[in-house]
Amino acid sequence: MRYTLTREEKLKSRKLIGRLFEEGSSLSEFPLRMIYLQTDYTSDYPTQVAFSVSKKRFGNAVDRNKIKRLLRECYRKNKYILYDKLNDKYIIMFTFIDEKHYKYVELEEKMIQLLDKFLKKEKKE
RNA sequence: UAAGUAGUUCACCUUAUCGCUUCGUAUUUGCGGAGAGGAAAGUCCGGACACCAUAGAGUAUCGUAGUGGGUAAUACCCAUCCGGUGCAAACCGAGGACAAGUGCAACAGAAAGUAUGUACAGUUAGGCUGUAGUGAAACCAGGUAAACUCUACGAGGUGCAAUGCUACGUAUAUUGGAGCUUGAGGGCUACUCGUCCAAUUCCAAGGGGUAAGCAGCUAAAAUAAUGCAGUAAUGCAUUGUUCAGAUAAAUGAUAAGGCUUCUUAGGAAGUACAGAAUCCGGCUUAUGAACUGCUUUUUUU
RNA sequence: UGGCCCAUGGUGUAAUGGUAACACUCCGGUUUUUGGUACCGUCAUUCAAGGUUCGAGUCCUUGUGGGCCAA
C-alpha cells in the first residue's frame with residue numbers, strides 16, 4: 001500500500017457534494033466530523049473524500065489552508081484502514097468544528113479513532 | 001541618552017524520506033526541472049486584452065484642477081512656487097474663476113446686500129475722513145464654488161462568470177401580447193440623432209435541462225548590472241536571468257543538523273501581518289526585526 | 001473573481017450645512033387599594049478615523065461591518 005492521495009480520490013463533483021449534504025449521515029469525534037454516503041461513481045478507488053473548514057471559525061485563508069492540509073495529510077497516512085475493509089463505494093466530507101489550532105500528532109490520533117468508529121458502524125448495518 | 005522624523009534591507013536556512021500541482025523526457029510508473037507575497041488583501045485609481053457596429057455625433061452625467069516635467073496611462077511619481085502645521089528635522093494641501101449669472105449666511109450685530117446706522121474725534125459749516133462695537137466674514141469690485149455654476153482638460157459601454165469552441169441534456173410543453181418588409185424587435189448607462197442587422201421571429205408569465213472539458217492562461221509597458229542624458233522622476237544602449245498557473249482549487253508532513261529567542265542544565269518555540277485565481281503600473285490599509293541619515297532636549301568632554 | 005448598495009436611541013423611521021425629531025420598547029416617577037390605561041421624565045461620541053467649512057448626521061477621502069447582482 002502506497003501512501004498517496006491522487007486526483008481520482010478527491011471528491012470534486014458539484015452534484016455528488018449536493019447529494020451528500022442532502023442524503024448523507026454524519027459521525028463525529030471532536031474536533032472532527034464526517035459526512036458520508038454510500039453511492040456509485042466512475043473512479044476505481046473505494047472512497048472519494050473532501051475536506052472543509054468553516055469561514056466563520058477561521059477568518060483567515062492562511063489558517064483554513066493550514067488545517068485543510070493537515071487533515072489531508074492525516075487521511076493520506078491512515079486511509080489504509082478503510083481501503084482494507086470496505087466493500088462498497090463511499091463519498092466522505094470531513095469538516096473541522098473547533099476554533100482552536102491543533103498539532104499534527106493530535107489530529108492524526110483523532111482521525112484514526114474516527115475512521116475506526118465509522119467502520120464499526122457500517123459493519124453492524 | 002531619550003523623543004521625534006525620513007528612508008533602506010530582510011521576512012529562518014540546509015539535507016533526507018513520504019506526498020501534492022505542473023512541465024519535459026521516457027514509457028509503465030520511473031527520471032529530471034519548476035512551484036505564494038511585500039502586501040498575493042482592500043478594489044480606491046489607471047491601463048493592457050476581449051466583445052459590443054466601423055466604436056460615430058450632440059446633450060446629460062461623472063472625474064481632474066498652482067506651474068513645469070515623467071509615463072502606456074492615472075487621482076501616481078519627480079522638481080518647484082504659494083498656503084498651513086511643527087521649537088526643528090520634516091509633513092500636509094480637490095491650490096483655476098465670486099471683475100458672467102443664481103443661491104446661501106444660525107446666533108450676535110444698526111446693517112450679511114437695495115450696503116453704510118450710532119457714538120466719539122478731526123475740519124468754521126455742509127459734507128468728508130478716521131476710530132470704536134458684533135461676527136467666521138462688514139479693510140466694498142465684501143464672504144462662500146469638497147453651493148449651483150463658469151473655464152480648461154479627460155471619460156462610448158461592459159467586463160476573463162469577457163469571449164470562442166466541443167460534449168452532454170431538455171420542452172418547438174402551456175398561457176398572454178406584438179410583428180412578418182408601409183418593420184415587431186435588437187446592436188449592453190439615460191435621451192436625441194445617425195447608421196447597421198432583422199422573420200419557424202421577438203417580449204412577458206410559468207416551467208424544464210445543464211452546471212463537463214479545451215482555448216483565453218501566463219515571457220512581460222519584466223528584472224539585475226554597467227555606461228550615457230537629465231537637478232530628479234525617468235529614458236536610451238549593451239550584457240545577463242527565465243520567474244506559479246490551480247479550478248470543492250497545488251506549496252504540506254516527519255526526522256536530523258545549524259542559527260536565533262525563551263528557560264532552573266532538562267526542555268520549549270521559530271515568531272508579525274498574511275495564501276496567487278486574466279495580467280500589469282500605482283495608491284491605501286495590516287504588520288515583525290535590523291540598520292542608516294537628520295532634528296530637538298539633557299548629561300559629559 | 002468582477003460589479004453595485006447600505007449603516008442615526010434597544011427596534012422601526014425623520015431631519016435645506018445652523019439646538020439630532022417621531023412612534024414603539026425598557027427603566028424611573030405621578031395618578032390608583034393593586035394592576036392596566038393615561039400623563040411626565042430618562043436612554044445617541046449619528047459605524048470608525050481624517051479633511052473642507054466659522055460650523056458637518058448631511059460635502060469629500062480612507063477604513064470597518066452588513067447586504068445585493070452576474071455562470
# chains A, B, ... in the order shown; residues from 1 in each chain; ligands from 1

$ interface_residues --of "chain B" --to "chain A" --cutoff "7 Å" --atoms "only C-alpha atoms (C1' of nucleotides)" --output "JSON, numbers by chain"
{"B": [19, 248, 252, 253, 274, 275]}

$ write_last_selection --atoms "N, CA, C and O atoms (P, O5', C5', C4', C3', O3' and C1' of nucleotides)" --output "compact mmCIF listing (two decimals), in the first residue's frame"
# COMPACT_ATOMS: atom_id res chain seq x y z
P G B 19 5.26 8.51 -1.97
O5' G B 19 4.41 9.82 -1.79
C5' G B 19 3.02 9.75 -1.45
C4' G B 19 2.43 11.09 -1.15
C3' G B 19 2.17 12.01 -2.33
O3' G B 19 1.04 11.64 -3.08
C1' G B 19 3.07 13.25 -0.53
P A B 248 -13.27 22.48 -8.46
O5' A B 248 -12.85 22.09 -6.98
C5' A B 248 -12.29 23.06 -6.12
C4' A B 248 -12.53 22.67 -4.69
C3' A B 248 -12.38 21.19 -4.39
O3' A B 248 -11.76 21.04 -3.12
C1' A B 248 -14.54 21.92 -3.78
P G B 252 4.23 24.79 2.70
O5' G B 252 3.65 23.67 3.65
C5' G B 252 2.26 23.60 3.96
C4' G B 252 1.83 22.17 4.17
C3' G B 252 2.66 21.38 5.17
O3' G B 252 2.31 21.67 6.52
C1' G B 252 2.33 20.09 3.23
P A B 253 3.41 21.53 7.68
O5' A B 253 3.57 19.96 7.82
C5' A B 253 2.49 19.17 8.34
C4' A B 253 2.85 17.70 8.30
C3' A B 253 4.09 17.31 9.09
O3' A B 253 3.82 17.16 10.47
C1' A B 253 4.16 16.32 6.95
P A B 274 -4.02 39.69 9.68
O5' A B 274 -3.95 39.44 8.11
C5' A B 274 -3.85 38.14 7.58
C4' A B 274 -2.91 38.16 6.40
C3' A B 274 -3.11 37.03 5.40
O3' A B 274 -4.08 37.39 4.44
C1' A B 274 -0.81 37.22 5.96
P G B 275 -5.26 36.38 4.03
O5' G B 275 -4.69 35.78 2.68
C5' G B 275 -3.79 34.73 2.68
C4' G B 275 -3.19 34.52 1.33
C3' G B 275 -4.12 33.80 0.36
O3' G B 275 -3.90 34.29 -0.95
C1' G B 275 -2.20 32.48 0.77

$ residues_around --residues "C:G67" --least-positions-apart "6" --cutoff "12 Å" --atoms "only C-alpha atoms (C1' of nucleotides)" --output "PDB file with N, CA, C and O atoms (P, O5', C5', C4', C3', O3' and C1' of nucleotides), in the first residue's frame"
ATOM      1  P     C C   4     -18.877  49.545  -9.693  1.00  0.00           P
ATOM      2  O5'   C C   4     -20.250  49.348  -8.925  1.00  0.00           O
ATOM      3  C5'   C C   4     -21.475  49.540  -9.621  1.00  0.00           C
ATOM      4  C4'   C C   4     -22.661  49.192  -8.748  1.00  0.00           C
ATOM      5  C3'   C C   4     -22.792  49.985  -7.471  1.00  0.00           C
ATOM      6  O3'   C C   4     -23.305  51.289  -7.698  1.00  0.00           O
ATOM      7  C1'   C C   4     -23.252  47.699  -7.050  1.00  0.00           C
ATOM      8  P     C C   5     -23.323  52.368  -6.516  1.00  0.00           P
ATOM      9  O5'   C C   5     -24.575  51.894  -5.653  1.00  0.00           O
ATOM     10  C5'   C C   5     -24.718  52.341  -4.322  1.00  0.00           C
ATOM     11  C4'   C C   5     -25.741  51.483  -3.622  1.00  0.00           C
ATOM     12  C3'   C C   5     -25.855  51.782  -2.142  1.00  0.00           C
ATOM     13  O3'   C C   5     -26.767  52.847  -1.908  1.00  0.00           O
ATOM     14  C1'   C C   5     -25.560  49.454  -2.450  1.00  0.00           C
ATOM     15  P     C C   6     -26.374  54.043  -0.923  1.00  0.00           P
ATOM     16  O5'   C C   6     -26.629  53.394   0.507  1.00  0.00           O
ATOM     17  C5'   C C   6     -27.937  52.966   0.869  1.00  0.00           C
ATOM     18  C4'   C C   6     -27.885  52.038   2.063  1.00  0.00           C
ATOM     19  C3'   C C   6     -27.296  52.627   3.335  1.00  0.00           C
ATOM     20  O3'   C C   6     -28.239  53.404   4.039  1.00  0.00           O
ATOM     21  C1'   C C   6     -26.421  50.452   2.969  1.00  0.00           C
ATOM     22  P     A C   7     -27.774  54.589   5.018  1.00  0.00           P
ATOM     23  O5'   A C   7     -27.228  53.779   6.270  1.00  0.00           O
ATOM     24  C5'   A C   7     -28.137  53.047   7.101  1.00  0.00           C
ATOM     25  C4'   A C   7     -27.379  52.278   8.169  1.00  0.00           C
ATOM     26  C3'   A C   7     -26.835  53.141   9.308  1.00  0.00           C
ATOM     27  O3'   A C   7     -26.927  52.422  10.543  1.00  0.00           O
ATOM     28  C1'   A C   7     -25.065  51.999   8.244  1.00  0.00           C
TER      29        A C   7
END

$ atom_distance --atom1 "atom C1' of C:G10" --atom2 "atom C1' of C:G28"
16.9 Å

$ select_by_dssp --residues "chain A" --states "helix (DSSP H, G or I)" --output "NGL selection string"
:A and (7-9 or 14-23 or 61-78 or 80-85 or 104-124)

$ closest_atom_pairs --of "stretch 224-247 of chain B" --to "stretch 57-77 of chain B" --cutoff "10 Å" --atoms "only C-alpha atoms (C1' of nucleotides)" --output "JSON lines"
{"residue": "B:A232", "atom": "C1'", "partner": "B:G69", "partner_atom": "C1'", "distance": 9.8}
{"residue": "B:A233", "atom": "C1'", "partner": "B:G70", "partner_atom": "C1'", "distance": 5.8}
{"residue": "B:U234", "atom": "C1'", "partner": "B:G70", "partner_atom": "C1'", "distance": 5.8}
{"residue": "B:G235", "atom": "C1'", "partner": "B:G70", "partner_atom": "C1'", "distance": 9.1}

$ write_last_selection --atoms "N, CA, C and O atoms (P, O5', C5', C4', C3', O3' and C1' of nucleotides)" --output "CSV table (one decimal), in the first residue's frame"
chain,number,residue,atom,x,y,z
B,232,A,P,20.2,64.0,-11.5
B,232,A,O5',18.7,63.6,-11.0
B,232,A,C5',18.5,63.1,-9.7
B,232,A,C4',17.0,63.2,-9.4
B,232,A,C3',16.1,62.1,-10.1
B,232,A,O3',16.1,60.9,-9.3
B,232,A,C1',15.1,64.3,-10.3
B,233,A,P,15.9,59.5,-10.1
B,233,A,O5',14.3,59.6,-10.5
B,233,A,C5',13.3,59.2,-9.5
B,233,A,C4',11.9,59.5,-10.1
B,233,A,C3',11.5,58.7,-11.3
B,233,A,O3',10.9,57.5,-11.0
B,233,A,C1',11.1,61.0,-11.6
B,234,U,P,11.5,56.1,-11.5
B,234,U,O5',11.7,56.4,-13.1
B,234,U,C5',10.5,56.5,-13.9
B,234,U,C4',10.8,57.3,-15.2
B,234,U,C3',11.5,56.6,-16.3
B,234,U,O3',10.6,55.8,-17.1
B,234,U,C1',12.6,58.6,-15.9
B,235,G,P,11.1,54.6,-17.9
B,235,G,O5',12.0,55.2,-19.1
B,235,G,C5',11.3,56.0,-20.1
B,235,G,C4',12.4,56.7,-21.0
B,235,G,C3',13.3,55.7,-21.8
B,235,G,O3',12.7,55.2,-23.0
B,235,G,C1',14.5,57.5,-20.8

$ select_by_dssp --residues "chain A" --states "strand (DSSP E or B)" --output "ChimeraX atom specification"
/A:10,25-29,32-38,47-53,90-96

$ residues_around --residues "A:Ser28" --least-positions-apart "2" --cutoff "12 Å" --atoms "only C-alpha atoms (C1' of nucleotides)" --output "PDB file with all heavy atoms, in the first residue's frame"
ATOM      1  N   SER A  25     -25.318  10.717   6.063  1.00  0.00           N
ATOM      2  CA  SER A  25     -25.396  10.671   7.513  1.00  0.00           C
ATOM      3  C   SER A  25     -24.065  11.135   8.082  1.00  0.00           C
ATOM      4  O   SER A  25     -23.063  11.194   7.375  1.00  0.00           O
ATOM      5  CB  SER A  25     -25.727   9.268   7.996  1.00  0.00           C
ATOM      6  OG  SER A  25     -25.374   8.327   7.023  1.00  0.00           O
ATOM      7  N   SER A  26     -24.045  11.452   9.384  1.00  0.00           N
ATOM      8  CA  SER A  26     -22.836  12.053   9.935  1.00  0.00           C
ATOM      9  C   SER A  26     -22.374  11.331  11.181  1.00  0.00           C
ATOM     10  O   SER A  26     -23.115  10.577  11.806  1.00  0.00           O
ATOM     11  CB  SER A  26     -23.087  13.527  10.259  1.00  0.00           C
ATOM     12  OG  SER A  26     -23.871  13.622  11.407  1.00  0.00           O
ATOM     13  N   PHE A  30     -14.750  14.725  18.215  1.00  0.00           N
ATOM     14  CA  PHE A  30     -14.313  16.108  18.339  1.00  0.00           C
ATOM     15  C   PHE A  30     -12.803  16.236  18.215  1.00  0.00           C
ATOM     16  O   PHE A  30     -12.083  15.443  18.818  1.00  0.00           O
ATOM     17  CB  PHE A  30     -14.790  16.663  19.685  1.00  0.00           C
ATOM     18  CG  PHE A  30     -14.676  18.143  19.784  1.00  0.00           C
ATOM     19  CD1 PHE A  30     -15.663  18.949  19.243  1.00  0.00           C
ATOM     20  CD2 PHE A  30     -13.592  18.717  20.403  1.00  0.00           C
ATOM     21  CE1 PHE A  30     -15.567  20.315  19.334  1.00  0.00           C
ATOM     22  CE2 PHE A  30     -13.488  20.080  20.482  1.00  0.00           C
ATOM     23  CZ  PHE A  30     -14.467  20.881  19.945  1.00  0.00           C
ATOM     24  N   PRO A  31     -12.250  17.181  17.456  1.00  0.00           N
ATOM     25  CA  PRO A  31     -12.892  18.260  16.694  1.00  0.00           C
ATOM     26  C   PRO A  31     -13.200  17.918  15.239  1.00  0.00           C
ATOM     27  O   PRO A  31     -13.305  18.826  14.443  1.00  0.00           O
ATOM     28  CB  PRO A  31     -11.817  19.341  16.750  1.00  0.00           C
ATOM     29  CG  PRO A  31     -10.553  18.563  16.677  1.00  0.00           C
ATOM     30  CD  PRO A  31     -10.796  17.251  17.338  1.00  0.00           C
ATOM     31  N   LEU A  32     -13.332  16.634  14.919  1.00  0.00           N
ATOM     32  CA  LEU A  32     -13.595  16.260  13.525  1.00  0.00           C
ATOM     33  C   LEU A  32     -15.018  15.764  13.367  1.00  0.00           C
ATOM     34  O   LEU A  32     -15.625  15.277  14.296  1.00  0.00           O
ATOM     35  CB  LEU A  32     -12.652  15.139  13.088  1.00  0.00           C
ATOM     36  CG  LEU A  32     -11.172  15.459  13.119  1.00  0.00           C
ATOM     37  CD1 LEU A  32     -10.380  14.209  12.827  1.00  0.00           C
ATOM     38  CD2 LEU A  32     -10.859  16.526  12.115  1.00  0.00           C
ATOM     39  N   ARG A  33     -15.537  15.924  12.143  1.00  0.00           N
ATOM     40  CA  ARG A  33     -16.879  15.464  11.847  1.00  0.00           C
ATOM     41  C   ARG A  33     -16.864  14.960  10.421  1.00  0.00           C
ATOM     42  O   ARG A  33     -16.254  15.576   9.557  1.00  0.00           O
ATOM     43  CB  ARG A  33     -17.849  16.638  11.986  1.00  0.00           C
ATOM     44  CG  ARG A  33     -19.292  16.291  11.767  1.00  0.00           C
ATOM     45  CD  ARG A  33     -20.165  17.357  12.416  1.00  0.00           C
ATOM     46  NE  ARG A  33     -21.565  17.098  12.184  1.00  0.00           N
ATOM     47  CZ  ARG A  33     -22.244  17.566  11.136  1.00  0.00           C
ATOM     48  NH1 ARG A  33     -21.635  18.322  10.251  1.00  0.00           N
ATOM     49  NH2 ARG A  33     -23.516  17.278  10.977  1.00  0.00           N
ATOM     50  N   MET A  34     -17.498  13.799  10.215  1.00  0.00           N
ATOM     51  CA  MET A  34     -17.536  13.291   8.846  1.00  0.00           C
ATOM     52  C   MET A  34     -18.966  13.086   8.383  1.00  0.00           C
ATOM     53  O   MET A  34     -19.826  12.667   9.134  1.00  0.00           O
ATOM     54  CB  MET A  34     -16.737  11.995   8.700  1.00  0.00           C
ATOM     55  CG  MET A  34     -17.267  10.821   9.450  1.00  0.00           C
ATOM     56  SD  MET A  34     -16.109   9.438   9.431  1.00  0.00           S
ATOM     57  CE  MET A  34     -16.210   8.889   7.735  1.00  0.00           C
ATOM     58  N   ILE A  35     -19.194  13.432   7.120  1.00  0.00           N
ATOM     59  CA  ILE A  35     -20.482  13.179   6.493  1.00  0.00           C
ATOM     60  C   ILE A  35     -20.215  12.191   5.382  1.00  0.00           C
ATOM     61  O   ILE A  35     -19.300  12.388   4.584  1.00  0.00           O
ATOM     62  CB  ILE A  35     -21.056  14.479   5.916  1.00  0.00           C
ATOM     63  CG1 ILE A  35     -21.136  15.538   7.000  1.00  0.00           C
ATOM     64  CG2 ILE A  35     -22.421  14.223   5.311  1.00  0.00           C
ATOM     65  CD1 ILE A  35     -21.412  16.916   6.476  1.00  0.00           C
ATOM     66  N   TYR A  36     -20.997  11.077   5.358  1.00  0.00           N
ATOM     67  CA  TYR A  36     -20.682  10.049   4.370  1.00  0.00           C
ATOM     68  C   TYR A  36     -21.945   9.526   3.715  1.00  0.00           C
ATOM     69  O   TYR A  36     -23.053   9.675   4.250  1.00  0.00           O
ATOM     70  CB  TYR A  36     -19.923   8.890   5.028  1.00  0.00           C
ATOM     71  CG  TYR A  36     -20.689   8.186   6.115  1.00  0.00           C
ATOM     72  CD1 TYR A  36     -21.454   7.061   5.847  1.00  0.00           C
ATOM     73  CD2 TYR A  36     -20.638   8.657   7.417  1.00  0.00           C
ATOM     74  CE1 TYR A  36     -22.156   6.427   6.832  1.00  0.00           C
ATOM     75  CE2 TYR A  36     -21.347   8.024   8.421  1.00  0.00           C
ATOM     76  CZ  TYR A  36     -22.099   6.917   8.130  1.00  0.00           C
ATOM     77  OH  TYR A  36     -22.806   6.300   9.118  1.00  0.00           O
ATOM     78  N   MET A  93     -17.098  13.622   3.391  1.00  0.00           N
ATOM     79  CA  MET A  93     -16.653  15.004   3.575  1.00  0.00           C
ATOM     80  C   MET A  93     -16.226  15.159   5.030  1.00  0.00           C
ATOM     81  O   MET A  93     -17.002  14.880   5.952  1.00  0.00           O
ATOM     82  CB  MET A  93     -17.808  15.964   3.259  1.00  0.00           C
ATOM     83  CG  MET A  93     -17.590  17.389   3.659  1.00  0.00           C
ATOM     84  SD  MET A  93     -16.609  18.335   2.491  1.00  0.00           S
ATOM     85  CE  MET A  93     -17.778  18.612   1.180  1.00  0.00           C
ATOM     86  N   PHE A  94     -14.999  15.570   5.236  1.00  0.00           N
ATOM     87  CA  PHE A  94     -14.524  15.833   6.597  1.00  0.00           C
ATOM     88  C   PHE A  94     -14.640  17.331   6.884  1.00  0.00           C
ATOM     89  O   PHE A  94     -14.193  18.155   6.078  1.00  0.00           O
ATOM     90  CB  PHE A  94     -13.062  15.428   6.755  1.00  0.00           C
ATOM     91  CG  PHE A  94     -12.847  13.956   6.746  1.00  0.00           C
ATOM     92  CD1 PHE A  94     -12.491  13.294   5.590  1.00  0.00           C
ATOM     93  CD2 PHE A  94     -13.017  13.228   7.916  1.00  0.00           C
ATOM     94  CE1 PHE A  94     -12.303  11.926   5.579  1.00  0.00           C
ATOM     95  CE2 PHE A  94     -12.821  11.862   7.916  1.00  0.00           C
ATOM     96  CZ  PHE A  94     -12.466  11.208   6.751  1.00  0.00           C
ATOM     97  N   THR A  95     -15.192  17.675   8.024  1.00  0.00           N
ATOM     98  CA  THR A  95     -15.197  19.084   8.425  1.00  0.00           C
ATOM     99  C   THR A  95     -14.544  19.234   9.783  1.00  0.00           C
ATOM    100  O   THR A  95     -14.510  18.309  10.587  1.00  0.00           O
ATOM    101  CB  THR A  95     -16.617  19.657   8.500  1.00  0.00           C
ATOM    102  OG1 THR A  95     -17.391  18.839   9.360  1.00  0.00           O
ATOM    103  CG2 THR A  95     -17.254  19.721   7.150  1.00  0.00           C
ATOM    104  N   PHE A  96     -14.044  20.433  10.020  1.00  0.00           N
ATOM    105  CA  PHE A  96     -13.320  20.740  11.259  1.00  0.00           C
ATOM    106  C   PHE A  96     -14.195  21.669  12.067  1.00  0.00           C
ATOM    107  O   PHE A  96     -14.618  22.718  11.583  1.00  0.00           O
ATOM    108  CB  PHE A  96     -11.986  21.400  10.901  1.00  0.00           C
ATOM    109  CG  PHE A  96     -11.074  21.582  12.068  1.00  0.00           C
ATOM    110  CD1 PHE A  96     -10.312  20.526  12.537  1.00  0.00           C
ATOM    111  CD2 PHE A  96     -10.985  22.805  12.694  1.00  0.00           C
ATOM    112  CE1 PHE A  96      -9.453  20.693  13.597  1.00  0.00           C
ATOM    113  CE2 PHE A  96     -10.131  22.977  13.765  1.00  0.00           C
ATOM    114  CZ  PHE A  96      -9.366  21.916  14.215  1.00  0.00           C
ATOM    115  N   ILE A  97     -14.516  21.266  13.323  1.00  0.00           N
ATOM    116  CA  ILE A  97     -15.546  22.015  14.042  1.00  0.00           C
ATOM    117  C   ILE A  97     -15.046  22.596  15.354  1.00  0.00           C
ATOM    118  O   ILE A  97     -15.803  22.769  16.296  1.00  0.00           O
ATOM    119  CB  ILE A  97     -16.774  21.122  14.321  1.00  0.00           C
ATOM    120  CG1 ILE A  97     -16.337  19.788  14.923  1.00  0.00           C
ATOM    121  CG2 ILE A  97     -17.573  20.918  13.064  1.00  0.00           C
ATOM    122  CD1 ILE A  97     -17.489  18.939  15.369  1.00  0.00           C
ATOM    123  N   ASP A  98     -13.764  22.916  15.440  1.00  0.00           N
ATOM    124  CA  ASP A  98     -13.283  23.622  16.627  1.00  0.00           C
ATOM    125  C   ASP A  98     -12.779  24.986  16.183  1.00  0.00           C
ATOM    126  O   ASP A  98     -12.640  25.260  14.996  1.00  0.00           O
ATOM    127  CB  ASP A  98     -12.154  22.831  17.304  1.00  0.00           C
ATOM    128  CG  ASP A  98     -12.006  23.238  18.758  1.00  0.00           C
ATOM    129  OD1 ASP A  98     -12.729  24.173  19.166  1.00  0.00           O
ATOM    130  OD2 ASP A  98     -11.199  22.621  19.463  1.00  0.00           O
ATOM    131  N   LYS A 110      -6.976  11.538  16.403  1.00  0.00           N
ATOM    132  CA  LYS A 110      -8.426  11.705  16.282  1.00  0.00           C
ATOM    133  C   LYS A 110      -8.937  11.070  15.000  1.00  0.00           C
ATOM    134  O   LYS A 110     -10.001  10.459  14.969  1.00  0.00           O
ATOM    135  CB  LYS A 110      -8.780  13.198  16.296  1.00  0.00           C
ATOM    136  CG  LYS A 110      -8.438  13.895  17.584  1.00  0.00           C
ATOM    137  CD  LYS A 110      -9.434  13.547  18.664  1.00  0.00           C
ATOM    138  CE  LYS A 110      -9.078  14.290  19.950  1.00  0.00           C
ATOM    139  NZ  LYS A 110      -9.906  13.843  21.076  1.00  0.00           N
ATOM    140  N   MET A 111      -8.164  11.247  13.934  1.00  0.00           N
ATOM    141  CA  MET A 111      -8.568  10.717  12.643  1.00  0.00           C
ATOM    142  C   MET A 111      -8.679   9.200  12.693  1.00  0.00           C
ATOM    143  O   MET A 111      -9.661   8.614  12.206  1.00  0.00           O
ATOM    144  CB  MET A 111      -7.544  11.157  11.579  1.00  0.00           C
ATOM    145  CG  MET A 111      -7.796  10.612  10.196  1.00  0.00           C
ATOM    146  SD  MET A 111      -9.319  11.177   9.469  1.00  0.00           S
ATOM    147  CE  MET A 111      -8.833  12.790   8.853  1.00  0.00           C
ATOM    148  N   GLN A 113      -9.218   7.318  15.327  1.00  0.00           N
ATOM    149  CA  GLN A 113     -10.401   6.981  16.130  1.00  0.00           C
ATOM    150  C   GLN A 113     -11.675   7.097  15.309  1.00  0.00           C
ATOM    151  O   GLN A 113     -12.561   6.242  15.356  1.00  0.00           O
ATOM    152  CB  GLN A 113     -10.487   7.915  17.343  1.00  0.00           C
ATOM    153  CG  GLN A 113      -9.424   7.610  18.388  1.00  0.00           C
ATOM    154  CD  GLN A 113      -9.491   8.594  19.538  1.00  0.00           C
ATOM    155  OE1 GLN A 113     -10.470   9.316  19.688  1.00  0.00           O
ATOM    156  NE2 GLN A 113      -8.443   8.614  20.352  1.00  0.00           N
ATOM    157  N   LEU A 114     -11.750   8.187  14.541  1.00  0.00           N
ATOM    158  CA  LEU A 114     -12.962   8.447  13.769  1.00  0.00           C
ATOM    159  C   LEU A 114     -13.168   7.382  12.706  1.00  0.00           C
ATOM    160  O   LEU A 114     -14.288   6.884  12.512  1.00  0.00           O
ATOM    161  CB  LEU A 114     -12.865   9.840  13.130  1.00  0.00           C
ATOM    162  CG  LEU A 114     -14.060  10.286  12.315  1.00  0.00           C
ATOM    163  CD1 LEU A 114     -15.305  10.326  13.172  1.00  0.00           C
ATOM    164  CD2 LEU A 114     -13.807  11.648  11.709  1.00  0.00           C
ATOM    165  N   LEU A 115     -12.087   7.008  12.037  1.00  0.00           N
ATOM    166  CA  LEU A 115     -12.209   6.009  10.976  1.00  0.00           C
ATOM    167  C   LEU A 115     -12.620   4.653  11.554  1.00  0.00           C
ATOM    168  O   LEU A 115     -13.433   3.940  10.962  1.00  0.00           O
ATOM    169  CB  LEU A 115     -10.887   5.891  10.211  1.00  0.00           C
ATOM    170  CG  LEU A 115     -10.523   7.128   9.398  1.00  0.00           C
ATOM    171  CD1 LEU A 115      -9.201   6.909   8.681  1.00  0.00           C
ATOM    172  CD2 LEU A 115     -11.598   7.475   8.399  1.00  0.00           C
ATOM    173  N   ASP A 116     -12.077   4.290  12.726  1.00  0.00           N
ATOM    174  CA  ASP A 116     -12.485   3.046  13.389  1.00  0.00           C
ATOM    175  C   ASP A 116     -13.962   3.052  13.717  1.00  0.00           C
ATOM    176  O   ASP A 116     -14.691   2.095  13.469  1.00  0.00           O
ATOM    177  CB  ASP A 116     -11.672   2.862  14.677  1.00  0.00           C
ATOM    178  CG  ASP A 116     -10.265   2.388  14.355  1.00  0.00           C
ATOM    179  OD1 ASP A 116     -10.081   1.852  13.249  1.00  0.00           O
ATOM    180  OD2 ASP A 116      -9.374   2.562  15.199  1.00  0.00           O
ATOM    181  N   LYS A 117     -14.398   4.170  14.254  1.00  0.00           N
ATOM    182  CA  LYS A 117     -15.793   4.336  14.623  1.00  0.00           C
ATOM    183  C   LYS A 117     -16.687   4.104  13.408  1.00  0.00           C
ATOM    184  O   LYS A 117     -17.709   3.421  13.476  1.00  0.00           O
ATOM    185  CB  LYS A 117     -15.983   5.780  15.121  1.00  0.00           C
ATOM    186  CG  LYS A 117     -16.897   5.934  16.320  1.00  0.00           C
ATOM    187  CD  LYS A 117     -16.806   7.388  16.765  1.00  0.00           C
ATOM    188  CE  LYS A 117     -17.739   7.699  17.893  1.00  0.00           C
ATOM    189  NZ  LYS A 117     -17.596   9.112  18.309  1.00  0.00           N
ATOM    190  N   PHE A 118     -16.277   4.701  12.295  1.00  0.00           N
ATOM    191  CA  PHE A 118     -17.031   4.611  11.053  1.00  0.00           C
ATOM    192  C   PHE A 118     -17.137   3.162  10.591  1.00  0.00           C
ATOM    193  O   PHE A 118     -18.218   2.680  10.241  1.00  0.00           O
ATOM    194  CB  PHE A 118     -16.334   5.472   9.999  1.00  0.00           C
ATOM    195  CG  PHE A 118     -16.851   5.291   8.614  1.00  0.00           C
ATOM    196  CD1 PHE A 118     -18.129   5.693   8.282  1.00  0.00           C
ATOM    197  CD2 PHE A 118     -16.053   4.729   7.637  1.00  0.00           C
ATOM    198  CE1 PHE A 118     -18.602   5.525   7.006  1.00  0.00           C
ATOM    199  CE2 PHE A 118     -16.525   4.565   6.355  1.00  0.00           C
ATOM    200  CZ  PHE A 118     -17.805   4.962   6.039  1.00  0.00           C
TER     201      PHE A 118
END

$ residues_around --residues "C:U61" --least-positions-apart "5" --cutoff "12 Å" --atoms "only C-alpha atoms (C1' of nucleotides)" --output "list in words"
C44, A75, A94, A146 and U284 of chain B; A49, G50, G51 and U52 of chain C

$ residues_around --residues "C:U11" --least-positions-apart "3" --cutoff "12 Å" --atoms "only C-alpha atoms (C1' of nucleotides)" --output "list of chain:residue names"
C:A23, C:C24, C:U25, C:C26

$ residues_around --residues "C:A44" --least-positions-apart "6" --cutoff "9 Å" --atoms "only C-alpha atoms (C1' of nucleotides)" --output "MDAnalysis selection string"
chainID C and resid 8:9 20

$ residues_around --residues "A:Tyr41" --least-positions-apart "2" --cutoff "12 Å" --atoms "only C-alpha atoms (C1' of nucleotides)" --output "list in words"
Glu8, Glu9, Lys10, Leu11, Lys12, Ser13, Lys15, Leu16, Leu37, Gln38, Thr39, Ser43, Asp44, Tyr45, Pro46, Thr47, Gln48, Asp88, Lys89, Tyr90 and Ile91 of chain A

$ closest_residue --among "B:C160, B:A138, B:G38, B:C291" --to "B:U116" --atoms "only C-alpha atoms (C1' of nucleotides)"
B:A138

$ atom_distance --atom1 "atom C1' of B:G142" --atom2 "atom C1' of B:A115"
9.6 Å
